[in-house]
Amino acid sequence: MSLQVYINGKYYPKEQATISVFDHGLLYGDGVFEGIRSYGGKVFKLREHLDRLWESAKAIRLTIPMSKDEMAAAIEQTLAINGIKEGYVRVVVTRGVGDLGLDPDFCQTPQVIIIADHIKLYPEEVYRNGLRIVTASTIRNHSAALSPRIKSLNYLNNILAKIEAKQAGCAEALMLNHKGEVAECTGENIFIVRRGEIFTPPRDAGILEGITRATVIDLARKEGIPVHEVPLTRHDLYTADECFLTGTAAEVVPVVEIDLRIIGTGKPGPITRRLIDLFHSLTRS
């Protein structure tokens with residue numbers, strides 16, 4: 001059976017799920033989205049994801065044409081219709097159909113699209129052995145131009161950095177901000193461990209405030225592991241004892257090499273492994 005995709009209150013087979021070529025989400029990346037996980041048929045951190053979706057929409061003056069409760073029900077229904085318990089949900093809200101100009105006032109009603117499917121960002125051996133990453137020359141969007149806290153449909157900034165990673169033979173790239181400080185990777189937040197304490201860039205470093213990031217910070221603090229949100233440089237990463245990434249699709253991923261420099265022992269460290277176990281216990285219990 002073909003996957004069923006939700007578009008504006010109706011379901012369409014994957015092959016027939018289409019939008020207008022005049023939709024400003026396609027023409028200009030004018031819209032917002034969220035990636036959400038489902039574990040055992042239960043949507044993980046749904047309220048937090050919806051809050052962030054609404055905040056992103058408000059920041060670009062986009063009115064979502066339904067309530068949060070209606071959106072939550074539509075997400076759960078989309079999972080149920082597709083029989084997906086362990087999966088990934090992409091919620092997209094576009095500005096809607098307009099003309100070829102930039103003016104959003106000419107757009108019609110915003111479109112809501114919900115896709116439920118399966119996702120596996122990295123193979124199992126990456127979680128066992130760790131990931132290699134490289135610093136991209138493409139910097140993170142300047143927060144004074146476009147706030148990285150808006151999860152918009154325009155991901156070209158991240159895509160260009162991802163291309164650099166792939167060309168370097170890596171699956172992921174580290175992005176710096178306009179000050180040369182560590183921001184995040186193309187799709188995940190970044191953490192390091194030094195002397196038993198965890199460090200991660202603060203929100204004003206130009207990061208998306210990840211839901212998984214917040215969950216891992218909470219898990220670490222409950223374990224009595226200090227977590228500091230402070231500016232970081234590449235030197236801090238190169239000399240760290242451990243490094244890991246967090247994201248909705250990726251969950252918690254060890255990093256063992258950055259820019260050809262071995263991190264720690266070159267294997268996932270004990271705190272990283274502990275956080276992976278804790279996250280699995282939280283989501284799969």
# chains A, B, ... in the order shown; residues from 1 in each chain; ligands from 1
>>> residues_around(residues="Ile207 of chain A", least_positions_apart="3", cutoff="8 Å", atoms="only C-alpha atoms", output="list in words")
Pro148, Arg149, Ala183, Glu184, Asn189, Pro201, Pro202, Arg203 and Asp204 of chain A
>>> closest_atom_pairs(of="segment 160-220 of chain A", to="segment 242-266 of chain A", cutoff="12 Å", atoms="only C-alpha atoms", output="JSON lines")
{"residue": "A:Ala165", "atom": "CA", "partner": "A:Asp259", "partner_atom": "CA", "distance": 10.4}
{"residue": "A:Ala168", "atom": "CA", "partner": "A:Asp259", "partner_atom": "CA", "distance": 9.6}
{"residue": "A:Gly169", "atom": "CA", "partner": "A:Asp259", "partner_atom": "CA", "distance": 11.2}
{"residue": "A:Cys170", "atom": "CA", "partner": "A:Ile258", "partner_atom": "CA", "distance": 9.9}
{"residue": "A:Ala171", "atom": "CA", "partner": "A:Val255", "partner_atom": "CA", "distance": 11.1}
{"residue": "A:Glu172", "atom": "CA", "partner": "A:Val255", "partner_atom": "CA", "distance": 10.0}
{"residue": "A:Ala173", "atom": "CA", "partner": "A:Ile258", "partner_atom": "CA", "distance": 9.1}
{"residue": "A:Leu174", "atom": "CA", "partner": "A:Ile258", "partner_atom": "CA", "distance": 8.5}
{"residue": "A:Met175", "atom": "CA", "partner": "A:Ile258", "partner_atom": "CA", "distance": 11.9}
{"residue": "A:Ala183", "atom": "CA", "partner": "A:Leu245", "partner_atom": "CA", "distance": 11.9}
{"residue": "A:Glu184", "atom": "CA", "partner": "A:Leu245", "partner_atom": "CA", "distance": 8.7}
{"residue": "A:Cys185", "atom": "CA", "partner": "A:Leu245", "partner_atom": "CA", "distance": 8.0}
{"residue": "A:Thr186", "atom": "CA", "partner": "A:Gly247", "partner_atom": "CA", "distance": 10.3}
{"residue": "A:Gly187", "atom": "CA", "partner": "A:Gly247", "partner_atom": "CA", "distance": 6.9}
{"residue": "A:Glu188", "atom": "CA", "partner": "A:Gly247", "partner_atom": "CA", "distance": 4.8}
{"residue": "A:Asn189", "atom": "CA", "partner": "A:Thr246", "partner_atom": "CA", "distance": 5.3}
{"residue": "A:Ile190", "atom": "CA", "partner": "A:Leu245", "partner_atom": "CA", "distance": 4.5}
{"residue": "A:Phe191", "atom": "CA", "partner": "A:Phe244", "partner_atom": "CA", "distance": 5.4}
{"residue": "A:Ile192", "atom": "CA", "partner": "A:Cys243", "partner_atom": "CA", "distance": 4.2}
{"residue": "A:Val193", "atom": "CA", "partner": "A:Glu242", "partner_atom": "CA", "distance": 4.8}
{"residue": "A:Arg194", "atom": "CA", "partner": "A:Glu242", "partner_atom": "CA", "distance": 7.0}
{"residue": "A:Arg195", "atom": "CA", "partner": "A:Glu242", "partner_atom": "CA", "distance": 9.5}
{"residue": "A:Gly196", "atom": "CA", "partner": "A:Glu242", "partner_atom": "CA", "distance": 9.4}
{"residue": "A:Glu197", "atom": "CA", "partner": "A:Glu242", "partner_atom": "CA", "distance": 10.0}
{"residue": "A:Ile198", "atom": "CA", "partner": "A:Glu242", "partner_atom": "CA", "distance": 9.1}
{"residue": "A:Phe199", "atom": "CA", "partner": "A:Cys243", "partner_atom": "CA", "distance": 9.5}
{"residue": "A:Thr200", "atom": "CA", "partner": "A:Cys243", "partner_atom": "CA", "distance": 9.9}
{"residue": "A:Pro201", "atom": "CA", "partner": "A:Leu245", "partner_atom": "CA", "distance": 11.9}
{"residue": "A:Leu208", "atom": "CA", "partner": "A:Gly247", "partner_atom": "CA", "distance": 10.3}
{"residue": "A:Glu209", "atom": "CA", "partner": "A:Gly247", "partner_atom": "CA", "distance": 10.2}
{"residue": "A:Gly210", "atom": "CA", "partner": "A:Gly247", "partner_atom": "CA", "distance": 6.7}
{"residue": "A:Ile211", "atom": "CA", "partner": "A:Thr248", "partner_atom": "CA", "distance": 7.2}
{"residue": "A:Thr212", "atom": "CA", "partner": "A:Gly247", "partner_atom": "CA", "distance": 5.4}
{"residue": "A:Arg213", "atom": "CA", "partner": "A:Thr246", "partner_atom": "CA", "distance": 5.7}
{"residue": "A:Ala214", "atom": "CA", "partner": "A:Thr246", "partner_atom": "CA", "distance": 9.4}
{"residue": "A:Thr215", "atom": "CA", "partner": "A:Thr246", "partner_atom": "CA", "distance": 9.4}
{"residue": "A:Val216", "atom": "CA", "partner": "A:Thr246", "partner_atom": "CA", "distance": 7.9}
{"residue": "A:Ile217", "atom": "CA", "partner": "A:Thr246", "partner_atom": "CA", "distance": 10.2}
{"residue": "A:Leu219", "atom": "CA", "partner": "A:Val252", "partner_atom": "CA", "distance": 12.0}
>>> write_last_selection(atoms="N, CA and C atoms", output="CSV table (one decimal), in the first residue's frame")
chain,number,residue,atom,x,y,z
A,165,ALA,N,30.9,18.6,3.0
A,165,ALA,CA,31.1,17.4,3.7
A,165,ALA,C,31.3,16.2,2.8
A,168,ALA,N,34.4,16.0,0.9
A,168,ALA,CA,35.5,15.7,1.8
A,168,ALA,C,35.4,14.2,2.2
A,169,GLY,N,34.4,13.5,1.8
A,169,GLY,CA,34.3,12.1,2.2
A,169,GLY,C,33.7,11.9,3.5
A,170,CYS,N,33.0,12.9,4.0
A,170,CYS,CA,32.3,12.8,5.3
A,170,CYS,C,30.8,12.9,5.2
A,171,ALA,N,30.1,12.4,6.2
A,171,ALA,CA,28.6,12.4,6.1
A,171,ALA,C,28.1,13.7,6.7
A,172,GLU,N,28.9,14.5,7.5
A,172,GLU,CA,28.3,15.7,8.1
A,172,GLU,C,29.4,16.7,8.2
A,173,ALA,N,29.0,18.0,8.3
A,173,ALA,CA,29.9,19.1,8.3
A,173,ALA,C,29.6,20.0,9.5
A,174,LEU,N,30.7,20.5,10.1
A,174,LEU,CA,30.6,21.5,11.2
A,174,LEU,C,30.5,22.9,10.6
A,175,MET,N,29.5,23.7,11.1
A,175,MET,CA,29.4,25.0,10.6
A,175,MET,C,29.7,26.0,11.7
A,183,ALA,N,29.0,26.7,15.7
A,183,ALA,CA,27.6,26.9,15.7
A,183,ALA,C,26.9,25.5,15.9
A,184,GLU,N,26.8,24.8,14.8
A,184,GLU,CA,26.2,23.5,14.8
A,184,GLU,C,26.6,22.7,13.5
A,185,CYS,N,26.1,21.5,13.3
A,185,CYS,CA,26.3,20.8,12.1
A,185,CYS,C,25.1,21.1,11.1
A,186,THR,N,25.1,20.5,10.0
A,186,THR,CA,24.1,20.9,9.0
A,186,THR,C,22.7,20.4,9.4
A,187,GLY,N,22.6,19.4,10.3
A,187,GLY,CA,21.3,18.9,10.7
A,187,GLY,C,21.3,18.5,12.2
A,188,GLU,N,22.4,18.8,12.9
A,188,GLU,CA,22.4,18.4,14.3
A,188,GLU,C,23.1,19.5,15.1
A,189,ASN,N,22.8,19.5,16.4
A,189,ASN,CA,23.5,20.3,17.4
A,189,ASN,C,24.8,19.5,17.8
A,190,ILE,N,25.8,20.2,18.3
A,190,ILE,CA,27.1,19.6,18.7
A,190,ILE,C,27.4,19.8,20.1
A,191,PHE,N,28.0,18.8,20.7
A,191,PHE,CA,28.4,18.8,22.1
A,191,PHE,C,29.9,18.3,22.2
A,192,ILE,N,30.6,18.7,23.2
A,192,ILE,CA,31.9,18.1,23.6
A,192,ILE,C,31.9,17.8,25.0
A,193,VAL,N,32.8,16.9,25.4
A,193,VAL,CA,33.0,16.5,26.8
A,193,VAL,C,34.5,16.8,27.1
A,194,ARG,N,34.7,17.4,28.2
A,194,ARG,CA,36.0,17.7,28.7
A,194,ARG,C,36.0,17.5,30.2
A,195,ARG,N,36.9,16.7,30.7
A,195,ARG,CA,37.1,16.4,32.1
A,195,ARG,C,35.8,16.1,32.8
A,196,GLY,N,34.9,15.3,32.2
A,196,GLY,CA,33.7,14.8,32.8
A,196,GLY,C,32.5,15.8,32.7
A,197,GLU,N,32.8,17.0,32.1
A,197,GLU,CA,31.7,18.0,31.9
A,197,GLU,C,31.4,18.2,30.4
A,198,ILE,N,30.1,18.6,30.2
A,198,ILE,CA,29.6,18.7,28.8
A,198,ILE,C,29.5,20.2,28.5
A,199,PHE,N,29.9,20.5,27.2
A,199,PHE,CA,29.9,21.9,26.7
A,199,PHE,C,29.2,21.9,25.4
A,200,THR,N,28.4,22.9,25.1
A,200,THR,CA,27.7,23.0,23.9
A,200,THR,C,27.4,24.5,23.6
A,201,PRO,N,27.4,24.9,22.3
A,201,PRO,CA,27.2,26.3,22.0
A,201,PRO,C,25.9,26.9,22.5
A,208,LEU,N,20.0,26.3,15.9
A,208,LEU,CA,18.6,26.0,16.1
A,208,LEU,C,18.5,25.3,17.4
A,209,GLU,N,17.5,25.7,18.2
A,209,GLU,CA,17.4,25.1,19.6
A,209,GLU,C,16.7,23.8,19.4
A,210,GLY,N,17.5,22.7,19.3
A,210,GLY,CA,17.0,21.4,19.0
A,210,GLY,C,16.2,20.8,20.2
A,211,ILE,N,15.2,20.1,19.8
A,211,ILE,CA,14.4,19.4,20.8
A,211,ILE,C,15.2,18.3,21.5
A,212,THR,N,15.9,17.5,20.6
A,212,THR,CA,16.8,16.5,21.1
A,212,THR,C,17.9,17.0,22.0
A,213,ARG,N,18.4,18.2,21.5
A,213,ARG,CA,19.5,18.9,22.3
A,213,ARG,C,19.0,19.1,23.7
A,214,ALA,N,17.8,19.7,23.9
A,214,ALA,CA,17.2,20.0,25.2
A,214,ALA,C,17.0,18.8,26.0
A,215,THR,N,16.6,17.7,25.3
A,215,THR,CA,16.3,16.4,26.0
A,215,THR,C,17.6,15.8,26.6
A,216,VAL,N,18.7,15.9,25.8
A,216,VAL,CA,20.0,15.3,26.2
A,216,VAL,C,20.6,16.2,27.3
A,217,ILE,N,20.4,17.5,27.3
A,217,ILE,CA,20.9,18.3,28.3
A,217,ILE,C,20.2,18.0,29.7
A,219,LEU,N,18.8,15.1,30.4
A,219,LEU,CA,19.2,13.7,30.8
A,219,LEU,C,20.6,13.8,31.5
>>> closest_residue(among="A:Pro104, A:Ile75, A:Ile115, A:Gly35", to="Lys14 of chain A", atoms="only C-alpha atoms")
A:Ile115
>>> residues_around(residues="Tyr6 of chain A", least_positions_apart="5", cutoff="10 Å", atoms="only C-alpha atoms", output="short mmCIF file (atom, residue, chain, number, x, y, z; two decimals) with C-alpha atoms, in the first residue's frame")
data_model
loop_
_atom_site.label_atom_id
_atom_site.label_comp_id
_atom_site.auth_asym_id
_atom_site.auth_seq_id
_atom_site.Cartn_x
_atom_site.Cartn_y
_atom_site.Cartn_z
CA TYR A 11 -5.05 12.20 2.19
CA TYR A 12 -3.40 11.35 -1.12
CA PRO A 13 -1.25 8.39 -2.20
CA LYS A 14 2.43 9.33 -2.24
CA ALA A 17 0.59 14.07 -3.37
CA ALA A 74 -3.66 15.20 12.18
CA ILE A 75 -0.11 14.02 12.91
CA GLN A 77 -3.92 10.19 12.34
CA THR A 78 -1.31 10.30 9.57
CA VAL A 91 5.21 18.69 9.01
CA VAL A 112 -0.32 22.19 5.61
CA ILE A 113 1.46 19.00 4.56
CA ILE A 114 2.15 16.02 6.83
CA ILE A 115 4.33 13.13 5.67
CA ALA A 116 4.86 10.02 7.81
#
>>> residues_around(residues="Thr283 of chain A", least_positions_apart="6", cutoff="10 Å", atoms="only C-alpha atoms", output="PDB file with all heavy atoms, in the first residue's frame")
ATOM      1  N   ARG A  37       9.720  12.551  15.643  1.00  0.00           N
ATOM      2  CA  ARG A  37       9.856  11.098  15.710  1.00  0.00           C
ATOM      3  C   ARG A  37       8.685  10.447  16.434  1.00  0.00           C
ATOM      4  O   ARG A  37       8.076  11.045  17.336  1.00  0.00           O
ATOM      5  CB  ARG A  37      11.153  10.710  16.444  1.00  0.00           C
ATOM      6  CG  ARG A  37      12.408  10.943  15.637  1.00  0.00           C
ATOM      7  CD  ARG A  37      12.515  10.053  14.425  1.00  0.00           C
ATOM      8  NE  ARG A  37      12.788   8.684  14.770  1.00  0.00           N
ATOM      9  CZ  ARG A  37      14.016   8.142  14.835  1.00  0.00           C
ATOM     10  NH1 ARG A  37      15.067   8.881  14.584  1.00  0.00           N
ATOM     11  NH2 ARG A  37      14.171   6.874  15.143  1.00  0.00           N
ATOM     12  N   SER A  38       8.412   9.223  16.032  1.00  0.00           N
ATOM     13  CA  SER A  38       7.413   8.398  16.707  1.00  0.00           C
ATOM     14  C   SER A  38       8.097   7.135  17.186  1.00  0.00           C
ATOM     15  O   SER A  38       8.811   6.478  16.421  1.00  0.00           O
ATOM     16  CB  SER A  38       6.282   8.045  15.739  1.00  0.00           C
ATOM     17  OG  SER A  38       5.408   7.100  16.321  1.00  0.00           O
ATOM     18  N   TYR A  39       7.907   6.812  18.452  1.00  0.00           N
ATOM     19  CA  TYR A  39       8.479   5.597  19.041  1.00  0.00           C
ATOM     20  C   TYR A  39       7.351   4.760  19.629  1.00  0.00           C
ATOM     21  O   TYR A  39       6.608   5.247  20.481  1.00  0.00           O
ATOM     22  CB  TYR A  39       9.487   5.943  20.136  1.00  0.00           C
ATOM     23  CG  TYR A  39      10.695   6.726  19.674  1.00  0.00           C
ATOM     24  CD1 TYR A  39      10.764   8.110  19.868  1.00  0.00           C
ATOM     25  CD2 TYR A  39      11.770   6.092  19.060  1.00  0.00           C
ATOM     26  CE1 TYR A  39      11.872   8.834  19.461  1.00  0.00           C
ATOM     27  CE2 TYR A  39      12.889   6.816  18.648  1.00  0.00           C
ATOM     28  CZ  TYR A  39      12.930   8.179  18.850  1.00  0.00           C
ATOM     29  OH  TYR A  39      14.025   8.893  18.443  1.00  0.00           O
ATOM     30  N   GLY A  40       7.215   3.539  19.163  1.00  0.00           N
ATOM     31  CA  GLY A  40       6.172   2.667  19.682  1.00  0.00           C
ATOM     32  C   GLY A  40       4.776   3.225  19.499  1.00  0.00           C
ATOM     33  O   GLY A  40       3.887   2.976  20.314  1.00  0.00           O
ATOM     34  N   LYS A  42       3.950   6.288  19.736  1.00  0.00           N
ATOM     35  CA  LYS A  42       3.768   7.531  20.501  1.00  0.00           C
ATOM     36  C   LYS A  42       4.686   8.610  19.948  1.00  0.00           C
ATOM     37  O   LYS A  42       5.888   8.405  19.791  1.00  0.00           O
ATOM     38  CB  LYS A  42       4.067   7.291  21.983  1.00  0.00           C
ATOM     39  CG  LYS A  42       3.809   8.509  22.860  1.00  0.00           C
ATOM     40  CD  LYS A  42       4.062   8.203  24.338  1.00  0.00           C
ATOM     41  CE  LYS A  42       3.794   9.419  25.207  1.00  0.00           C
ATOM     42  NZ  LYS A  42       4.068   9.154  26.635  1.00  0.00           N
ATOM     43  N   VAL A  43       4.107   9.773  19.657  1.00  0.00           N
ATOM     44  CA  VAL A  43       4.887  10.874  19.101  1.00  0.00           C
ATOM     45  C   VAL A  43       5.749  11.486  20.204  1.00  0.00           C
ATOM     46  O   VAL A  43       5.255  11.837  21.273  1.00  0.00           O
ATOM     47  CB  VAL A  43       3.966  11.940  18.482  1.00  0.00           C
ATOM     48  CG1 VAL A  43       4.803  13.035  17.820  1.00  0.00           C
ATOM     49  CG2 VAL A  43       3.024  11.308  17.459  1.00  0.00           C
ATOM     50  N   PHE A  44       7.041  11.609  19.932  1.00  0.00           N
ATOM     51  CA  PHE A  44       7.999  12.073  20.932  1.00  0.00           C
ATOM     52  C   PHE A  44       8.066  13.597  20.963  1.00  0.00           C
ATOM     53  O   PHE A  44       8.282  14.254  19.949  1.00  0.00           O
ATOM     54  CB  PHE A  44       9.384  11.499  20.620  1.00  0.00           C
ATOM     55  CG  PHE A  44      10.444  11.833  21.626  1.00  0.00           C
ATOM     56  CD1 PHE A  44      10.368  11.352  22.928  1.00  0.00           C
ATOM     57  CD2 PHE A  44      11.528  12.617  21.278  1.00  0.00           C
ATOM     58  CE1 PHE A  44      11.342  11.649  23.869  1.00  0.00           C
ATOM     59  CE2 PHE A  44      12.524  12.916  22.204  1.00  0.00           C
ATOM     60  CZ  PHE A  44      12.421  12.436  23.499  1.00  0.00           C
TER      61      PHE A  44
END
>>> residues_around(residues="Thr94 of chain A", least_positions_apart="3", cutoff="6 Å", atoms="only C-alpha atoms", output="ChimeraX atom specification")
/A:25,31,110-111
>>> write_last_selection(atoms="C-alpha atoms", output="PDB file, in the first residue's frame")
ATOM      1  CA  GLY A  25       7.198  27.294  -0.401  1.00  0.00           C
ATOM      2  CA  GLY A  31       7.432  28.374   4.902  1.00  0.00           C
ATOM      3  CA  PRO A 110      -1.185  28.540   3.726  1.00  0.00           C
ATOM      4  CA  GLN A 111      -0.835  24.845   2.937  1.00  0.00           C
TER       5      GLN A 111
END
>>> select_by_dssp(residues="segment 35-255 of chain A", states="alpha helix (DSSP H)", output="ChimeraX atom specification")
/A:46-59,68-81,124-129,156-167,211-222,234-238
>>> closest_residue(among="A:Ile163, A:Val97, A:Leu53, A:Ala220", to="Tyr28 of chain A", atoms="only C-alpha atoms")
A:Val97
>>> atom_distance(atom1="atom CA of Leu27 of chain A", atom2="atom CA of Leu100 of chain A")
7.8 Å
>>> residues_around(residues="Leu46 of chain A", least_positions_apart="4", cutoff="8 Å", atoms="only C-alpha atoms", output="list in words")
Ile36, Leu50 and Ala72 of chain A
>>> write_last_selection(atoms="N, CA, C and O atoms", output="mmCIF file, in the first residue's frame")
data_model
loop_
_atom_site.group_PDB
_atom_site.id
_atom_site.type_symbol
_atom_site.label_atom_id
_atom_site.label_comp_id
_atom_site.auth_asym_id
_atom_site.auth_seq_id
_atom_site.Cartn_x
_atom_site.Cartn_y
_atom_site.Cartn_z
ATOM 1 N N ILE A 36 9.681 15.225 13.288
ATOM 2 C CA ILE A 36 9.230 14.672 14.573
ATOM 3 C C ILE A 36 9.362 13.155 14.531
ATOM 4 O O ILE A 36 9.128 12.528 13.497
ATOM 5 N N LEU A 50 5.486 21.301 18.241
ATOM 6 C CA LEU A 50 4.431 22.196 17.767
ATOM 7 C C LEU A 50 4.662 23.624 18.246
ATOM 8 O O LEU A 50 4.429 24.582 17.504
ATOM 9 N N ALA A 72 -1.920 18.311 16.103
ATOM 10 C CA ALA A 72 -1.508 17.100 16.823
ATOM 11 C C ALA A 72 -2.362 15.910 16.398
ATOM 12 O O ALA A 72 -1.839 14.807 16.154
#
>>> select_by_dssp(residues="segment 12-150 of chain A", states="strand (DSSP E or B)", output="VMD selection string")
chain A and resid 12 to 13 23 31 to 39 42 to 43 87 to 94 97 111 to 117 131 to 135
>>> closest_residue(among="A:Ile84, A:Leu153, A:Asp105, A:Asp23", to="Ser56 of chain A", atoms="only C-alpha atoms")
A:Leu153
>>> closest_residue(among="A:Met1, A:Leu275, A:Ala80, A:Ile159", to="Arg221 of chain A", atoms="only C-alpha atoms")
A:Leu275
>>> atom_distance(atom1="atom CA of Leu3 of chain A", atom2="atom CA of His49 of chain A")
22.8 Å
>>> atom_distance(atom1="atom CA of Ile64 of chain A", atom2="atom CA of Asn8 of chain A")
11.1 Å
>>> closest_residue(among="A:Gly96, A:Gly83, A:Pro65, A:Gly224", to="Val21 of chain A", atoms="only C-alpha atoms")
A:Gly96
>>> closest_residue(among="A:Asn129, A:Asn158, A:Gln108, A:Ser20", to="Arg273 of chain A", atoms="only C-alpha atoms")
A:Asn129
>>> residues_around(residues="Thr138 of chain A", least_positions_apart="5", cutoff="8 Å", atoms="only C-alpha atoms", output="ChimeraX atom specification")
/A:157,160-161,175-176
>>> decode(residues="segment 140-159 of chain A", atoms="C-alpha atoms", output="mmCIF file, in the first residue's frame")
data_model
loop_
_atom_site.group_PDB
_atom_site.id
_atom_site.type_symbol
_atom_site.label_atom_id
_atom_site.label_comp_id
_atom_site.auth_asym_id
_atom_site.auth_seq_id
_atom_site.Cartn_x
_atom_site.Cartn_y
_atom_site.Cartn_z
ATOM 1 C CA ARG A 140 25.888 29.543 9.422
ATOM 2 C CA ASN A 141 23.346 32.193 8.448
ATOM 3 C CA HIS A 142 24.056 35.481 10.197
ATOM 4 C CA SER A 143 21.418 35.788 12.895
ATOM 5 C CA ALA A 144 20.879 39.458 12.016
ATOM 6 C CA ALA A 145 19.882 38.426 8.482
ATOM 7 C CA LEU A 146 17.859 35.270 9.147
ATOM 8 C CA SER A 147 17.561 33.793 12.606
ATOM 9 C CA PRO A 148 18.774 30.167 12.711
ATOM 10 C CA ARG A 149 16.074 29.647 15.344
ATOM 11 C CA ILE A 150 13.506 29.781 12.526
ATOM 12 C CA LYS A 151 13.143 26.299 11.038
ATOM 13 C CA SER A 152 12.362 27.546 7.566
ATOM 14 C CA LEU A 153 12.017 25.725 4.268
ATOM 15 C CA ASN A 154 15.092 27.520 2.950
ATOM 16 C CA TYR A 155 17.904 25.151 3.897
ATOM 17 C CA LEU A 156 20.332 26.156 1.172
ATOM 18 C CA ASN A 157 22.840 27.363 3.770
ATOM 19 C CA ASN A 158 22.921 23.894 5.317
ATOM 20 C CA ILE A 159 22.861 22.121 1.957
#
